[in-house]
$ cat run-v4.cif   # mmCIF, C-alpha atoms (C1' of nucleotides)
data_coords
loop_
_atom_site.label_atom_id
_atom_site.label_comp_id
_atom_site.auth_asym_id
_atom_site.auth_seq_id
_atom_site.Cartn_x
_atom_site.Cartn_y
_atom_site.Cartn_z
CA MET Z 1172 90.67 92.87 108.45
CA ARG Z 1173 94.01 93.33 106.74
CA THR Z 1174 93.92 92.35 103.10
CA ARG Z 1175 96.37 93.34 100.37
CA VAL Z 1176 93.92 95.88 99.00
CA GLN Z 1177 93.51 97.35 102.46
CA ASP Z 1178 97.28 97.70 102.89
CA SER Z 1179 97.54 99.39 99.49
CA PHE Z 1180 94.74 101.88 100.23
CA ARG Z 1181 96.15 102.59 103.68
CA ALA Z 1182 99.60 103.27 102.24
CA LEU Z 1183 98.17 105.76 99.74
CA ALA Z 1184 96.21 107.65 102.39
CA ASP Z 1185 99.18 109.74 103.52
CA PRO Z 1186 100.42 112.73 101.47
CA THR Z 1187 104.08 112.16 102.37
CA ARG Z 1188 103.87 108.59 101.14
CA ARG Z 1189 102.23 109.64 97.90
CA GLU Z 1190 104.98 112.19 97.42
CA ILE Z 1191 107.59 109.49 97.97
CA LEU Z 1192 105.95 107.42 95.26
CA VAL Z 1193 106.20 110.29 92.81
CA MET Z 1194 109.88 110.69 93.67
CA LEU Z 1195 110.51 106.98 93.19
CA SER Z 1196 108.77 107.14 89.83
CA LYS Z 1197 111.68 109.28 88.63
CA ARG Z 1198 114.53 107.21 90.10
CA GLU Z 1199 115.31 104.56 92.70
CA MET Z 1200 116.43 106.06 96.00
CA THR Z 1201 117.89 105.05 99.37
CA ILE Z 1202 116.23 105.94 102.65
CA GLY Z 1203 118.79 108.65 103.28
CA GLU Z 1204 118.18 110.27 99.92
CA ILE Z 1205 114.43 110.26 100.46
CA ALA Z 1206 114.71 111.60 103.99
CA ALA Z 1207 116.85 114.50 102.73
CA GLU Z 1208 113.82 115.74 100.77
CA PHE Z 1209 111.50 115.95 103.78
CA PRO Z 1210 111.55 117.94 107.02
CA ILE Z 1211 111.14 114.78 109.10
CA THR Z 1212 113.59 112.28 110.54
CA ARG Z 1213 114.94 109.21 108.78
CA ALA Z 1214 113.09 107.06 111.31
CA ALA Z 1215 109.78 108.59 110.26
CA VAL Z 1216 110.61 108.06 106.59
CA LYS Z 1217 111.52 104.47 107.37
CA LYS Z 1218 108.04 103.90 108.82
CA HIS Z 1219 106.46 105.34 105.71
CA LEU Z 1220 108.59 103.06 103.53
CA THR Z 1221 107.56 100.05 105.59
CA MET Z 1222 103.90 100.86 105.00
CA LEU Z 1223 104.54 101.42 101.30
CA GLU Z 1224 106.22 98.03 101.16
CA GLU Z 1225 103.31 96.37 103.00
CA GLY Z 1226 100.99 97.95 100.45
CA GLN Z 1227 103.12 96.50 97.66
CA LEU Z 1228 103.73 99.98 96.34
CA ILE Z 1229 107.50 99.70 96.58
CA SER Z 1230 110.06 96.92 96.79
CA VAL Z 1231 113.27 97.20 98.79
CA HIS Z 1232 116.61 95.85 97.61
CA PRO Z 1233 119.58 95.75 100.01
CA ILE Z 1234 122.90 96.48 98.36
CA GLY Z 1235 125.76 96.51 100.81
CA ARG Z 1236 124.84 98.79 103.65
CA GLU Z 1237 122.25 100.63 101.56
CA ARG Z 1238 118.65 99.77 100.77
CA ILE Z 1239 117.39 100.73 97.37
CA ASN Z 1240 113.69 101.59 97.28
CA ARG Z 1241 111.99 100.93 93.97
CA LEU Z 1242 108.49 101.64 92.71
CA GLU Z 1243 106.45 98.45 92.57
CA PRO Z 1244 103.36 98.32 90.35
CA THR Z 1245 101.43 95.63 92.25
CA GLY Z 1246 99.93 97.90 94.90
CA ILE Z 1247 98.85 100.51 92.41
CA LYS Z 1248 97.21 97.78 90.40
CA ASN Z 1249 95.40 96.55 93.53
CA VAL Z 1250 93.82 99.95 94.01
CA HIS Z 1251 93.23 100.44 90.34
CA ASP Z 1252 91.39 97.11 90.10
CA TRP Z 1253 89.18 97.86 93.09
CA MET Z 1254 88.29 101.25 91.69
CA SER Z 1255 87.62 100.03 88.19
CA TYR Z 1256 84.28 98.70 89.44
CA PHE Z 1257 83.16 102.31 89.88
CA ASP Z 1258 84.33 103.49 86.48
CA GLN Z 1259 80.86 102.87 85.05
CA PHE Z 1260 79.38 105.32 87.55
CA TRP Z 1261 81.65 108.32 87.30
CA ASP Z 1262 82.05 107.67 83.62
CA ASP Z 1263 78.30 107.87 83.01
CA LYS Z 1264 77.62 110.58 85.56
CA LEU Z 1265 80.42 112.92 84.61
CA SER Z 1266 79.83 112.54 80.92
CA SER Z 1267 76.16 113.37 81.36
CA LEU Z 1268 77.23 116.36 83.46
CA GLN Z 1269 79.48 117.34 80.58
CA THR Z 1270 76.57 117.00 78.19
CA LEU Z 1271 74.43 119.10 80.49
CA LEU Z 1272 77.04 121.85 80.61
CA ASN Z 1273 77.55 121.79 76.87
CA ASN Z 1274 73.85 122.30 76.28
CA GLN Z 1275 73.60 125.49 78.32
CA MET R 154 97.74 119.64 104.41
CA ARG R 155 94.10 118.88 103.56
CA THR R 156 93.40 118.96 99.88
CA ARG R 157 90.45 117.42 98.05
CA VAL R 158 92.62 114.58 96.83
CA GLN R 159 93.78 113.95 100.39
CA ASP R 160 90.21 113.80 101.67
CA SER R 161 89.28 111.35 98.90
CA PHE R 162 92.24 109.06 99.62
CA ARG R 163 91.60 109.23 103.34
CA ALA R 164 87.95 108.31 102.88
CA LEU R 165 88.89 105.25 100.83
CA ALA R 166 91.42 104.00 103.37
CA ASP R 167 88.81 102.31 105.58
CA PRO R 168 87.25 98.96 104.63
CA THR R 169 83.84 99.83 106.11
CA ARG R 170 83.69 102.99 104.04
CA ARG R 171 84.65 101.15 100.88
CA GLU R 172 81.92 98.62 101.61
CA ILE R 173 79.42 101.44 102.03
CA LEU R 174 80.39 102.77 98.62
CA VAL R 175 79.72 99.38 97.05
CA MET R 176 76.32 99.29 98.74
CA LEU R 177 75.49 102.79 97.52
CA SER R 178 76.49 101.79 94.00
CA LYS R 179 73.46 99.49 94.00
CA ARG R 180 70.93 101.92 95.48
CA GLU R 181 70.63 105.12 97.48
CA MET R 182 70.28 104.51 101.20
CA THR R 183 69.53 106.33 104.44
CA ILE R 184 71.86 106.25 107.42
CA GLY R 185 69.58 103.83 109.21
CA GLU R 186 69.51 101.42 106.30
CA ILE R 187 73.29 101.47 106.02
CA ALA R 188 73.80 101.06 109.76
CA ALA R 189 71.53 98.00 109.72
CA GLU R 190 74.09 96.23 107.52
CA PHE R 191 76.98 96.72 109.94
CA PRO R 192 77.66 95.56 113.50
CA ILE R 193 78.44 99.12 114.60
CA THR R 194 76.28 101.97 115.88
CA ARG R 195 74.53 104.56 113.75
CA ALA R 196 76.81 107.20 115.24
CA ALA R 197 79.86 105.35 113.91
CA VAL R 198 78.25 105.01 110.50
CA LYS R 199 77.43 108.72 110.56
CA LYS R 200 81.12 109.52 111.05
CA HIS R 201 82.03 107.32 108.11
CA LEU R 202 79.43 109.06 105.96
CA THR R 203 80.80 112.45 106.97
CA MET R 204 84.28 111.42 105.83
CA LEU R 205 82.89 110.01 102.60
CA GLU R 206 81.12 113.31 102.00
CA GLU R 207 84.30 115.28 102.73
CA GLY R 208 86.07 113.07 100.22
CA GLN R 209 83.37 113.86 97.65
CA LEU R 210 82.58 110.18 97.37
CA ILE R 211 78.94 110.62 98.33
CA SER R 212 76.40 113.43 98.39
CA VAL R 213 73.69 113.72 101.03
CA HIS R 214 70.14 114.80 100.28
CA PRO R 215 67.72 115.54 103.14
CA ILE R 216 64.15 114.45 102.44
CA GLY R 217 61.85 115.04 105.34
CA ARG R 218 63.44 113.56 108.42
CA GLU R 219 65.60 111.24 106.36
CA ARG R 220 68.93 111.82 104.66
CA ILE R 221 69.48 110.04 101.39
CA ASN R 222 73.10 109.09 100.74
CA ARG R 223 74.04 108.88 97.09
CA LEU R 224 77.21 107.81 95.33
CA GLU R 225 79.10 110.83 94.01
CA PRO R 226 81.64 110.34 91.22
CA THR R 227 83.86 113.36 91.97
CA GLY R 228 85.94 111.76 94.71
CA ILE R 229 86.55 108.60 92.75
CA LYS R 230 87.63 110.73 89.84
CA ASN R 231 90.04 112.64 92.13
CA VAL R 232 91.77 109.40 93.06
CA HIS R 233 91.59 108.03 89.57
CA ASP R 234 93.25 111.15 88.18
CA TRP R 235 96.06 111.08 90.72
CA MET R 236 96.72 107.42 90.02
CA SER R 237 96.61 107.75 86.25
CA TYR R 238 100.10 109.26 86.41
CA PHE R 239 101.38 105.83 87.47
CA ASP R 240 99.55 103.90 84.78
CA GLN R 241 102.61 104.09 82.54
CA PHE R 242 104.67 102.26 85.18
CA TRP R 243 102.49 99.34 86.10
CA ASP R 244 101.31 99.13 82.54
CA ASP R 245 104.87 98.75 81.25
CA LYS R 246 106.14 96.70 84.14
CA LEU R 247 103.28 94.25 84.34
CA SER R 248 103.12 93.79 80.59
CA SER R 249 106.84 93.04 80.47
CA LEU R 250 106.31 90.60 83.32
CA GLN R 251 103.58 89.05 81.22
CA THR R 252 105.95 88.83 78.28
CA LEU R 253 108.57 87.25 80.50
CA LEU R 254 106.13 84.61 81.71
CA ASN R 255 104.88 83.89 78.21
CA ASN R 256 108.42 83.22 77.03
CA GLN R 257 109.16 80.55 79.61
"C1'" DA J 1038 49.00 117.56 120.96
"C1'" DT J 1039 51.74 113.61 121.83
"C1'" DT J 1040 54.44 110.15 120.75
"C1'" DA J 1041 57.55 107.57 117.92
"C1'" DA J 1042 61.08 107.64 114.38
"C1'" DA J 1043 65.30 109.40 112.04
"C1'" DT J 1044 68.97 111.87 112.59
"C1'" DG J 1045 72.40 115.32 114.89
"C1'" DA J 1046 75.68 116.51 118.49
"C1'" DT J 1047 78.58 115.91 122.21
"C1'" DA J 1048 81.68 113.80 125.45
"C1'" DC J 1049 84.38 110.10 126.11
"C1'" DC J 1050 87.61 105.90 125.30
"C1'" DA J 1051 91.11 102.68 123.18
"C1'" DA J 1052 93.97 101.87 119.47
"C1'" DA J 1053 96.50 103.31 115.48
"C1'" DA J 1054 99.34 106.85 113.07
"C1'" DG J 1055 102.87 110.04 112.59
"C1'" DG J 1056 106.44 111.77 114.75
"C1'" DT J 1057 110.93 112.18 117.90
"C1'" DA J 1058 115.15 110.67 120.35
"C1'" DT J 1059 118.23 107.20 121.46
"C1'" DT J 1060 120.69 103.06 121.05
"C1'" DA J 1061 122.23 99.02 118.33
"C1'" DT J 1062 123.97 96.69 114.17
"C1'" DG J 1063 126.18 95.79 109.98
"C1'" DT J 1064 129.40 97.46 106.29
"C1'" DC J 1065 132.72 100.27 103.77
"C1'" DA J 1066 137.21 102.61 103.79
"C1'" DA J 1067 141.53 104.30 105.50
"C1'" DT G 855 141.14 97.41 113.12
"C1'" DT G 856 139.07 101.40 113.85
"C1'" DG G 857 136.15 104.91 112.65
"C1'" DA G 858 132.50 106.65 109.92
"C1'" DC G 859 128.30 105.74 107.45
"C1'" DA G 860 123.68 103.71 106.34
"C1'" DT G 861 120.21 101.66 108.30
"C1'" DA G 862 117.50 98.96 112.17
"C1'" DA G 863 115.10 98.83 116.50
"C1'" DT G 864 113.11 100.43 120.51
"C1'" DA G 865 110.77 103.38 123.68
"C1'" DC G 866 108.09 107.20 124.04
"C1'" DC G 867 104.83 111.19 122.90
"C1'" DT G 868 100.79 113.56 120.63
"C1'" DT G 869 97.04 113.57 117.39
"C1'" DT G 870 93.76 111.18 114.66
"C1'" DT G 871 90.66 107.48 114.03
"C1'" DG G 872 87.04 104.28 114.89
"C1'" DG G 873 84.14 103.28 118.16
"C1'" DT G 874 80.55 103.84 122.21
"C1'" DA G 875 76.89 106.02 125.08
"C1'" DT G 876 73.91 109.69 125.89
"C1'" DC G 877 71.10 113.53 125.03
"C1'" DA G 878 68.94 116.94 121.79
"C1'" DT G 879 66.31 118.10 117.61
"C1'" DT G 880 63.35 117.63 113.80
"C1'" DT G 881 59.51 115.40 111.44
"C1'" DA G 882 55.75 111.99 110.69
"C1'" DA G 883 51.71 109.70 112.39
"C1'" DT G 884 47.99 108.82 115.48
#
$ encode --input "run-v4.cif" --output "structure tokens"
Amino acid sequence: MRTRVQDSFRALADPTRREILVMLSKREMTIGEIAAEFPITRAAVKKHLTMLEEGQLISVHPIGRERINRLEPTGIKNVHDWMSYFDQFWDDKLSSLQTLLNNQ
Amino acid sequence: MRTRVQDSFRALADPTRREILVMLSKREMTIGEIAAEFPITRAAVKKHLTMLEEGQLISVHPIGRERINRLEPTGIKNVHDWMSYFDQFWDDKLSSLQTLLNNQ
DNA sequence: ATTAAATGATACCAAAAGGTATTATGTCAA
DNA sequence: TTGACATAATACCTTTTGGTATCATTTAAT
């Protein structure tokens, strides 16, 4: 099954891709600029960017011969929404753990 | 690199595992009970549960010959914390999109 | 004490992921 | 127009992942 949520979760499951997202949160970058920051080839970075785009975590904007990669909030919201269901659990559980620790 | 955050993200990247988490949010279950809900073998489910445990998304509690699988908030919090950095972006961006739509 | 039940462990397989190298394509600049 | 530059596309390789089948181990029940 390949839903939008699935593509977003899959894209976030790789540390290099998460690092790229942090970089793009500071400024828009081309593939070449991103690749310069990693010890892997441009081709490998391109694959990561494709997955990030499929997960709606970035959008890509061709300008001339360059392609500007931009952070896109949709994918993060996908994941955020799915996870929000569990907020009640870790909220309750961790706060009661906190209470437990405070009382010792 | 295999950090705790990485293990949590990796565990969430599979749809079967996410479904298991939803099931465990309703009640604690043994491996056998979980496996009965999926068209895959117990061995496959066991592997999923191992990854969920590594990602700190569940905890496992042996009782007699059974193993009770319980939802564990730590892993979800790991992911939540990592993602909270991006809240500013999708918060701003989506709210300005909302504003844009409202003004049309 | 035996047997059945619940799980663990291992070896194996196909497909997906993450990577490389190489070749092709489009675009800017002299 | 002819290079040089930025990216695309393809073929290929290795490791991880998701799955199976099989056998071993522990525990409950008769």
$ calpha_fit_and_write --input "run-v4.cif" --fixed "chain R" --moving "chain Z" --output "PDB file with C-alpha atoms, in the frame of the given file"
ATOM      1  CA  MET Z1172      97.702 119.690 104.385  1.00  0.00           C
ATOM      2  CA  ARG Z1173      94.091 118.911 103.582  1.00  0.00           C
ATOM      3  CA  THR Z1174      93.381 118.994  99.880  1.00  0.00           C
ATOM      4  CA  ARG Z1175      90.440 117.438  98.046  1.00  0.00           C
ATOM      5  CA  VAL Z1176      92.618 114.591  96.830  1.00  0.00           C
ATOM      6  CA  GLN Z1177      93.793 113.978 100.372  1.00  0.00           C
ATOM      7  CA  ASP Z1178      90.211 113.824 101.663  1.00  0.00           C
ATOM      8  CA  SER Z1179      89.288 111.380  98.896  1.00  0.00           C
ATOM      9  CA  PHE Z1180      92.253 109.076  99.594  1.00  0.00           C
ATOM     10  CA  ARG Z1181      91.626 109.239 103.332  1.00  0.00           C
ATOM     11  CA  ALA Z1182      87.971 108.313 102.860  1.00  0.00           C
ATOM     12  CA  LEU Z1183      88.913 105.268 100.778  1.00  0.00           C
ATOM     13  CA  ALA Z1184      91.443 104.020 103.323  1.00  0.00           C
ATOM     14  CA  ASP Z1185      88.842 102.326 105.520  1.00  0.00           C
ATOM     15  CA  PRO Z1186      87.285  98.962 104.549  1.00  0.00           C
ATOM     16  CA  THR Z1187      83.883  99.811 106.044  1.00  0.00           C
ATOM     17  CA  ARG Z1188      83.723 102.980 103.986  1.00  0.00           C
ATOM     18  CA  ARG Z1189      84.671 101.153 100.816  1.00  0.00           C
ATOM     19  CA  GLU Z1190      81.958  98.624 101.549  1.00  0.00           C
ATOM     20  CA  ILE Z1191      79.445 101.435 101.984  1.00  0.00           C
ATOM     21  CA  LEU Z1192      80.414 102.763  98.575  1.00  0.00           C
ATOM     22  CA  VAL Z1193      79.736  99.399  96.987  1.00  0.00           C
ATOM     23  CA  MET Z1194      76.335  99.297  98.678  1.00  0.00           C
ATOM     24  CA  LEU Z1195      75.509 102.799  97.476  1.00  0.00           C
ATOM     25  CA  SER Z1196      76.503 101.805  93.960  1.00  0.00           C
ATOM     26  CA  LYS Z1197      73.470  99.506  93.947  1.00  0.00           C
ATOM     27  CA  ARG Z1198      70.935 101.930  95.454  1.00  0.00           C
ATOM     28  CA  GLU Z1199      70.645 105.139  97.456  1.00  0.00           C
ATOM     29  CA  MET Z1200      70.292 104.493 101.178  1.00  0.00           C
ATOM     30  CA  THR Z1201      69.548 106.309 104.442  1.00  0.00           C
ATOM     31  CA  ILE Z1202      71.889 106.188 107.411  1.00  0.00           C
ATOM     32  CA  GLY Z1203      69.600 103.764 109.194  1.00  0.00           C
ATOM     33  CA  GLU Z1204      69.534 101.378 106.264  1.00  0.00           C
ATOM     34  CA  ILE Z1205      73.311 101.432 105.978  1.00  0.00           C
ATOM     35  CA  ALA Z1206      73.823 100.978 109.702  1.00  0.00           C
ATOM     36  CA  ALA Z1207      71.551  97.909 109.649  1.00  0.00           C
ATOM     37  CA  GLU Z1208      74.134  96.171 107.443  1.00  0.00           C
ATOM     38  CA  PHE Z1209      77.043  96.632 109.854  1.00  0.00           C
ATOM     39  CA  PRO Z1210      77.737  95.472 113.408  1.00  0.00           C
ATOM     40  CA  ILE Z1211      78.484  99.027 114.543  1.00  0.00           C
ATOM     41  CA  THR Z1212      76.321 101.852 115.835  1.00  0.00           C
ATOM     42  CA  ARG Z1213      74.540 104.444 113.724  1.00  0.00           C
ATOM     43  CA  ALA Z1214      76.819 107.092 115.220  1.00  0.00           C
ATOM     44  CA  ALA Z1215      79.876 105.283 113.885  1.00  0.00           C
ATOM     45  CA  VAL Z1216      78.274 104.943 110.457  1.00  0.00           C
ATOM     46  CA  LYS Z1217      77.444 108.634 110.537  1.00  0.00           C
ATOM     47  CA  LYS Z1218      81.134 109.455 111.038  1.00  0.00           C
ATOM     48  CA  HIS Z1219      82.063 107.282 108.097  1.00  0.00           C
ATOM     49  CA  LEU Z1220      79.454 109.024 105.941  1.00  0.00           C
ATOM     50  CA  THR Z1221      80.807 112.414 106.961  1.00  0.00           C
ATOM     51  CA  MET Z1222      84.282 111.406 105.817  1.00  0.00           C
ATOM     52  CA  LEU Z1223      82.891 109.995 102.578  1.00  0.00           C
ATOM     53  CA  GLU Z1224      81.121 113.291 101.998  1.00  0.00           C
ATOM     54  CA  GLU Z1225      84.304 115.276 102.731  1.00  0.00           C
ATOM     55  CA  GLY Z1226      86.078 113.083 100.196  1.00  0.00           C
ATOM     56  CA  GLN Z1227      83.365 113.875  97.659  1.00  0.00           C
ATOM     57  CA  LEU Z1228      82.593 110.195  97.363  1.00  0.00           C
ATOM     58  CA  ILE Z1229      78.952 110.608  98.324  1.00  0.00           C
ATOM     59  CA  SER Z1230      76.413 113.414  98.406  1.00  0.00           C
ATOM     60  CA  VAL Z1231      73.708 113.690 101.050  1.00  0.00           C
ATOM     61  CA  HIS Z1232      70.156 114.794 100.320  1.00  0.00           C
ATOM     62  CA  PRO Z1233      67.759 115.529 103.201  1.00  0.00           C
ATOM     63  CA  ILE Z1234      64.188 114.501 102.514  1.00  0.00           C
ATOM     64  CA  GLY Z1235      61.912 115.119 105.451  1.00  0.00           C
ATOM     65  CA  ARG Z1236      63.478 113.561 108.489  1.00  0.00           C
ATOM     66  CA  GLU Z1237      65.621 111.219 106.395  1.00  0.00           C
ATOM     67  CA  ARG Z1238      68.946 111.786 104.678  1.00  0.00           C
ATOM     68  CA  ILE Z1239      69.487 110.016 101.415  1.00  0.00           C
ATOM     69  CA  ASN Z1240      73.108 109.077 100.749  1.00  0.00           C
ATOM     70  CA  ARG Z1241      74.050 108.892  97.094  1.00  0.00           C
ATOM     71  CA  LEU Z1242      77.224 107.825  95.325  1.00  0.00           C
ATOM     72  CA  GLU Z1243      79.094 110.844  94.003  1.00  0.00           C
ATOM     73  CA  PRO Z1244      81.640 110.373  91.212  1.00  0.00           C
ATOM     74  CA  THR Z1245      83.848 113.394  91.966  1.00  0.00           C
ATOM     75  CA  GLY Z1246      85.940 111.787  94.698  1.00  0.00           C
ATOM     76  CA  ILE Z1247      86.545 108.636  92.728  1.00  0.00           C
ATOM     77  CA  LYS Z1248      87.643 110.772  89.827  1.00  0.00           C
ATOM     78  CA  ASN Z1249      90.036 112.671  92.118  1.00  0.00           C
ATOM     79  CA  VAL Z1250      91.781 109.449  93.044  1.00  0.00           C
ATOM     80  CA  HIS Z1251      91.597 108.086  89.556  1.00  0.00           C
ATOM     81  CA  ASP Z1252      93.246 111.221  88.148  1.00  0.00           C
ATOM     82  CA  TRP Z1253      96.059 111.156  90.692  1.00  0.00           C
ATOM     83  CA  MET Z1254      96.732 107.511  89.980  1.00  0.00           C
ATOM     84  CA  SER Z1255      96.611 107.847  86.231  1.00  0.00           C
ATOM     85  CA  TYR Z1256     100.099 109.362  86.392  1.00  0.00           C
ATOM     86  CA  PHE Z1257     101.393 105.936  87.428  1.00  0.00           C
ATOM     87  CA  ASP Z1258      99.566 104.007  84.733  1.00  0.00           C
ATOM     88  CA  GLN Z1259     102.635 104.192  82.494  1.00  0.00           C
ATOM     89  CA  PHE Z1260     104.682 102.375  85.131  1.00  0.00           C
ATOM     90  CA  TRP Z1261     102.499  99.453  86.087  1.00  0.00           C
ATOM     91  CA  ASP Z1262     101.312  99.217  82.529  1.00  0.00           C
ATOM     92  CA  ASP Z1263     104.852  98.794  81.203  1.00  0.00           C
ATOM     93  CA  LYS Z1264     106.135  96.754  84.119  1.00  0.00           C
ATOM     94  CA  LEU Z1265     103.268  94.319  84.368  1.00  0.00           C
ATOM     95  CA  SER Z1266     103.053  93.796  80.654  1.00  0.00           C
ATOM     96  CA  SER Z1267     106.756  93.013  80.490  1.00  0.00           C
ATOM     97  CA  LEU Z1268     106.242  90.634  83.417  1.00  0.00           C
ATOM     98  CA  GLN Z1269     103.464  89.046  81.397  1.00  0.00           C
ATOM     99  CA  THR Z1270     105.792  88.743  78.433  1.00  0.00           C
ATOM    100  CA  LEU Z1271     108.431  87.204  80.658  1.00  0.00           C
ATOM    101  CA  LEU Z1272     105.987  84.620  81.978  1.00  0.00           C
ATOM    102  CA  ASN Z1273     104.697  83.799  78.526  1.00  0.00           C
ATOM    103  CA  ASN Z1274     108.202  83.081  77.303  1.00  0.00           C
ATOM    104  CA  GLN Z1275     108.971  80.464  79.941  1.00  0.00           C
TER     105      GLN Z1275
END
$ atom_distance --input "run-v4.cif" --atom1 "CA of Gln159 (chain R)" --atom2 "CA of Ile216 (chain R)"
29.7 Å
$ resolve_selection --input "run-v4.cif" --expression "the PyMOL selection byres ((chain R and resi 218-230) around 7)" --output "list in words"
Phe1260, Trp1261 and Lys1264 of chain Z; Ser161, Leu174, Leu177, Ser178, Glu181, Met182, Thr183, Ile184, Gly208, Gln209, Leu210, Ile211, Ser212, Val213, His214, Pro215, Ile216, Gly217, Asn231, Val232, His233 and Asp234 of chain R; DA1043 of chain J; DT880 and DT881 of chain G
$ resolve_selection --input "run-v4.cif" --expression "the PyMOL selection byres ((chain J and resi 1059) around 10)" --output "list of chain:residue names"
J:DT1057, J:DA1058, J:DT1060, J:DA1061, G:DT864, G:DA865
$ closest_residue --input "run-v4.cif" --among "R:Val175, R:Ile187, R:Ala196, R:Leu165" --to "chain J" --atoms "all atoms listed in the file"
R:Ala196
$ closest_residue --input "run-v4.cif" --among "R:Pro168, R:Phe162, R:Thr156, R:Glu186" --to "chain G" --atoms "only C-alpha atoms (C1' of nucleotides)"
R:Pro168
$ decode --input "run-v4.cif" --residues "region 226-244 of chain R" --atoms "N, CA and C atoms" --output "compact mmCIF listing (two decimals), in the first residue's frame"
# COMPACT_ATOMS: atom_id res chain seq x y z
N PRO R 226 5.38 5.09 25.31
CA PRO R 226 5.35 6.45 24.76
C PRO R 226 6.70 7.01 24.34
N THR R 227 7.80 6.44 24.82
CA THR R 227 9.12 7.05 24.59
C THR R 227 9.42 7.27 23.10
N GLY R 228 9.22 6.24 22.30
CA GLY R 228 9.55 6.34 20.88
C GLY R 228 8.73 7.40 20.17
N ILE R 229 7.46 7.45 20.50
CA ILE R 229 6.61 8.47 19.88
C ILE R 229 7.09 9.85 20.29
N LYS R 230 7.52 9.96 21.53
CA LYS R 230 8.03 11.25 21.98
C LYS R 230 9.33 11.60 21.24
N ASN R 231 10.20 10.62 21.02
CA ASN R 231 11.41 10.85 20.23
C ASN R 231 11.08 11.54 18.91
N VAL R 232 10.15 10.93 18.17
CA VAL R 232 9.78 11.45 16.86
C VAL R 232 9.10 12.81 16.99
N HIS R 233 8.22 12.88 17.96
CA HIS R 233 7.51 14.14 18.19
C HIS R 233 8.50 15.27 18.43
N ASP R 234 9.49 15.00 19.28
CA ASP R 234 10.47 16.04 19.61
C ASP R 234 11.26 16.46 18.38
N TRP R 235 11.71 15.48 17.59
CA TRP R 235 12.47 15.84 16.39
C TRP R 235 11.62 16.71 15.48
N MET R 236 10.36 16.33 15.32
CA MET R 236 9.50 17.05 14.39
C MET R 236 9.10 18.43 14.89
N SER R 237 9.11 18.61 16.20
CA SER R 237 8.61 19.88 16.73
C SER R 237 9.43 21.05 16.21
N TYR R 238 10.69 20.78 15.85
CA TYR R 238 11.52 21.84 15.27
C TYR R 238 10.87 22.45 14.04
N PHE R 239 10.14 21.62 13.28
CA PHE R 239 9.56 22.07 12.02
C PHE R 239 8.17 22.67 12.19
N ASP R 240 7.65 22.61 13.40
CA ASP R 240 6.31 23.14 13.62
C ASP R 240 6.21 24.58 13.14
N GLN R 241 7.21 25.38 13.47
CA GLN R 241 7.21 26.78 13.05
C GLN R 241 6.94 26.91 11.54
N PHE R 242 7.55 26.03 10.74
CA PHE R 242 7.41 26.16 9.29
C PHE R 242 6.00 25.82 8.82
N TRP R 243 5.56 24.61 9.09
CA TRP R 243 4.24 24.28 8.56
C TRP R 243 3.16 25.07 9.26
N ASP R 244 3.42 25.47 10.49
CA ASP R 244 2.46 26.32 11.17
C ASP R 244 2.30 27.63 10.40
